[in-house]
Amino acid sequence: MSLLQVCERLEATRWSTALRESTYVYAAVESVHVLTLALFLGLVIVTDLRLTGLGFRGLPAGEMVARLRPWIRAGFVVMATSGILLFIAQPAATFTHPAFRAKLALLSLAGANAAIFHAGIYRSAPAWDPAAAPPPAARIAGVVSLIVWAGVVAAGRLIAYDFLR
Amino acid sequence: MNFVEWCEQSPIGTAIRGSLWAFPAVETVHLLGLAALGGVVLMLNLRLLGWTLRAVPLATLARAADRWLVGALAVMLASGFVLFTSEAERMYGNNAFRLKMLFLAAAVIFTFTIHRRVLRADETRMNPAWRRATAVVSLLLWTGVALSGRAIGLL
């Protein structure tokens with residue numbers, strides 16, 4: 001069975017149909033997905049601004065990453081859950097949309113970047129000079145994160161449009 | 001010609017309606033502005049509530065955050081105005097849009113008056129209850145802006 005067939009099977013289930021046809025639940029899930037941008041992506045952006053040295057220079061970078069991380073994680077859970085629900089509502093049409101595929105590719109990049117950062121240079125964060133810009137590897141992670149997440153938002157917005165198909 | 005018609009017939013409004021990419025591109029900028037503004041506002045309010053970054057002095061955090069708060073708000077207002085010009089007449093009659101403008105005015109005024117004062121006040125001399133109340137009001141007002149904004153497309 002191909003992935004598209006899996007999506008079609010999913011689309012035929014009661015859950016998918018109920019979500020697709022409900023006016024309020026679908027709109028509510030969509031709203032949660034958009035509003036969580038502030039919680040999840042907003043705090044990621046704040047962290048990245050500090051990592052790149054573009055902003056929040058007077059604050060200790062390691063401390064900022066560590067203290068905002070639980071909130072970013074919580075935001076990610078809400079973002080991912082609401083995103084999966086939106087996918088379940090229209091799996092086949094979403095799966096074949098080029099913008100959705102671009103979004104998945106960019107999400108994997110963002111995930112890989114975060115994983116490399118946390119397993120690598122972030123381990124030395126307690127030793128970073130609070131007044132200076134973080135080490136080059138951390139600055140690169142911040143720049144990559146800012147660019148890739150902007151791409152995720154752009155691709156996500158385009159899923160709502162059909163002119164790309 | 002009134003303001004709404006002028007917006008709708010302006011070169012920006014006409015150009016956006018005439019392009020497939022322009023509207024989603026400006027929407028993306030608006031959403032990135034939402035993320036940045038929301039992130040900064042949320043961080044400040046979580047700090048006011050005492051739920052994060054307690055080791056960082058409030059005044060230091062507020063000073064570092066200020067330019068990003070103002071910058072992100074400017075991006076949101078500019079991109080929001082461009083989106084408005086492309087469908088000004090429909091927006092003008094949209095109740096969610098009207099509600100959003102009310103929330104926005106209240107949120108902006110609150111942010112640059114009471115919120116800012118509480119952020120800059122001497123932490124040791126202020127009752128923490130005032131800080132918490134300020135954070136709650138700020139969060140409610142900005143959530144109102146975002147929710148009524150989301151509702152524009154649904155009405």
# chains A, B, ... in the order shown; residues from 1 in each chain; ligands from 1

call {"tool": "interface_residues", "arguments": {"of": "chain A", "to": "chain B", "cutoff": "6 Å", "atoms": "only C-alpha atoms", "output": "VMD selection string"}}
result
chain A and resid 37 to 39 41 to 43 56 67 154

call {"tool": "residues_around", "arguments": {"residues": "Ala22 in chain B", "least_positions_apart": "6", "cutoff": "12 Å", "atoms": "only C-alpha atoms", "output": "JSON list (two decimals) with N, CA, C and O atoms, in the first residue's frame"}}
result
[["chain", "number", "residue", "atom", "x", "y", "z"],
["A", 154, "ALA", "N", 6.30, 29.96, 5.84],
["A", 154, "ALA", "CA", 5.91, 30.28, 4.47],
["A", 154, "ALA", "C", 5.27, 29.07, 3.79],
["A", 154, "ALA", "O", 4.19, 29.17, 3.18],
["A", 158, "LEU", "N", 1.29, 28.42, 2.49],
["A", 158, "LEU", "CA", 0.97, 28.09, 1.10],
["A", 158, "LEU", "C", 0.10, 26.84, 0.96],
["A", 158, "LEU", "O", -0.53, 26.63, -0.06],
["B", 12, "ILE", "N", -0.85, 49.65, -4.08],
["B", 12, "ILE", "CA", -0.51, 48.44, -3.29],
["B", 12, "ILE", "C", -1.69, 47.46, -3.32],
["B", 12, "ILE", "O", -1.52, 46.28, -3.62],
["B", 13, "GLY", "N", -2.87, 47.98, -3.02],
["B", 13, "GLY", "CA", -4.05, 47.12, -2.99],
["B", 13, "GLY", "C", -4.27, 46.43, -4.33],
["B", 13, "GLY", "O", -4.52, 45.23, -4.40],
["B", 14, "THR", "N", -4.15, 47.21, -5.40],
["B", 14, "THR", "CA", -4.37, 46.67, -6.74],
["B", 14, "THR", "C", -3.31, 45.63, -7.09],
["B", 14, "THR", "O", -3.62, 44.56, -7.62],
["B", 15, "ALA", "N", -2.05, 45.92, -6.74],
["B", 15, "ALA", "CA", -0.95, 45.00, -7.06],
["B", 15, "ALA", "C", -1.14, 43.66, -6.34],
["B", 15, "ALA", "O", -0.92, 42.59, -6.92],
["B", 16, "ILE", "N", -1.58, 43.72, -5.07],
["B", 16, "ILE", "CA", -1.76, 42.48, -4.31],
["B", 16, "ILE", "C", -2.88, 41.64, -4.89],
["B", 16, "ILE", "O", -2.75, 40.42, -5.01],
["B", 28, "THR", "N", 2.68, 35.65, 5.27],
["B", 28, "THR", "CA", 3.79, 34.98, 5.95],
["B", 28, "THR", "C", 4.58, 35.97, 6.81],
["B", 28, "THR", "O", 4.92, 35.68, 7.95],
["B", 29, "VAL", "N", 4.83, 37.17, 6.24],
["B", 29, "VAL", "CA", 5.52, 38.21, 7.02],
["B", 29, "VAL", "C", 4.70, 38.57, 8.26],
["B", 29, "VAL", "O", 5.23, 38.70, 9.37],
["B", 79, "SER", "N", 2.65, 45.08, 7.65],
["B", 79, "SER", "CA", 2.13, 43.98, 6.83],
["B", 79, "SER", "C", 0.62, 43.89, 6.95],
["B", 79, "SER", "O", -0.08, 43.60, 5.98],
["B", 82, "VAL", "N", -0.93, 46.45, 4.67],
["B", 82, "VAL", "CA", -0.87, 46.02, 3.27],
["B", 82, "VAL", "C", -1.97, 44.99, 2.99],
["B", 82, "VAL", "O", -2.67, 45.06, 1.97],
["B", 83, "LEU", "N", -2.16, 44.04, 3.92],
["B", 83, "LEU", "CA", -3.23, 43.05, 3.73],
["B", 83, "LEU", "C", -4.59, 43.74, 3.69],
["B", 83, "LEU", "O", -5.46, 43.40, 2.89],
["B", 86, "SER", "N", -5.69, 45.45, 0.33],
["B", 86, "SER", "CA", -6.10, 44.61, -0.79],
["B", 86, "SER", "C", -7.57, 44.22, -0.70],
["B", 86, "SER", "O", -8.17, 43.83, -1.69]]

call {"tool": "residues_around", "arguments": {"residues": "Val108 in chain B", "least_positions_apart": "3", "cutoff": "10 Å", "atoms": "only C-alpha atoms", "output": "NGL selection string"}}
result
:B and (73 or 103-105 or 111-113 or 115 or 138 or 141-142)

call {"tool": "atom_distance", "arguments": {"atom1": "CA of Ile114 in chain B", "atom2": "CA of Leu140 in chain B"}}
result
14.4 Å

call {"tool": "residues_around", "arguments": {"residues": "Leu85 in chain A", "least_positions_apart": "2", "cutoff": "12 Å", "atoms": "only C-alpha atoms", "output": "number ranges by chain"}}
result
A: 10-11, 15-20, 25-30, 32-33, 78-83, 87-91, 94

call {"tool": "write_last_selection", "arguments": {"atoms": "C-alpha atoms", "output": "CSV table (one decimal), in the first residue's frame"}}
result
chain,number,residue,atom,x,y,z
A,10,LEU,CA,-7.3,7.6,6.8
A,11,GLU,CA,-9.5,10.2,5.0
A,15,TRP,CA,-12.5,10.6,12.8
A,16,SER,CA,-11.2,12.3,9.6
A,17,THR,CA,-14.7,12.9,8.3
A,18,ALA,CA,-16.0,14.3,11.6
A,19,LEU,CA,-13.1,16.7,11.8
A,20,ARG,CA,-13.4,17.8,8.2
A,25,VAL,CA,-13.8,22.0,15.9
A,26,TYR,CA,-11.7,22.5,12.7
A,27,ALA,CA,-11.6,26.3,13.0
A,28,ALA,CA,-10.6,25.9,16.7
A,29,VAL,CA,-7.8,23.5,15.9
A,30,GLU,CA,-6.6,25.8,13.1
A,32,VAL,CA,-4.7,26.9,18.2
A,33,HIS,CA,-2.1,25.9,15.5
A,78,VAL,CA,0.6,21.8,21.1
A,79,MET,CA,1.9,22.8,17.6
A,80,ALA,CA,2.6,19.2,16.6
A,81,THR,CA,-0.7,17.9,18.0
A,82,SER,CA,-2.8,20.5,16.3
A,83,GLY,CA,-0.8,20.1,13.1
A,87,PHE,CA,-3.5,16.8,8.6
A,88,ILE,CA,-6.0,14.0,9.7
A,89,ALA,CA,-8.9,16.2,8.5
A,90,GLN,CA,-7.7,16.2,4.9
A,91,PRO,CA,-4.8,13.7,4.5
A,94,THR,CA,-2.5,17.7,2.0
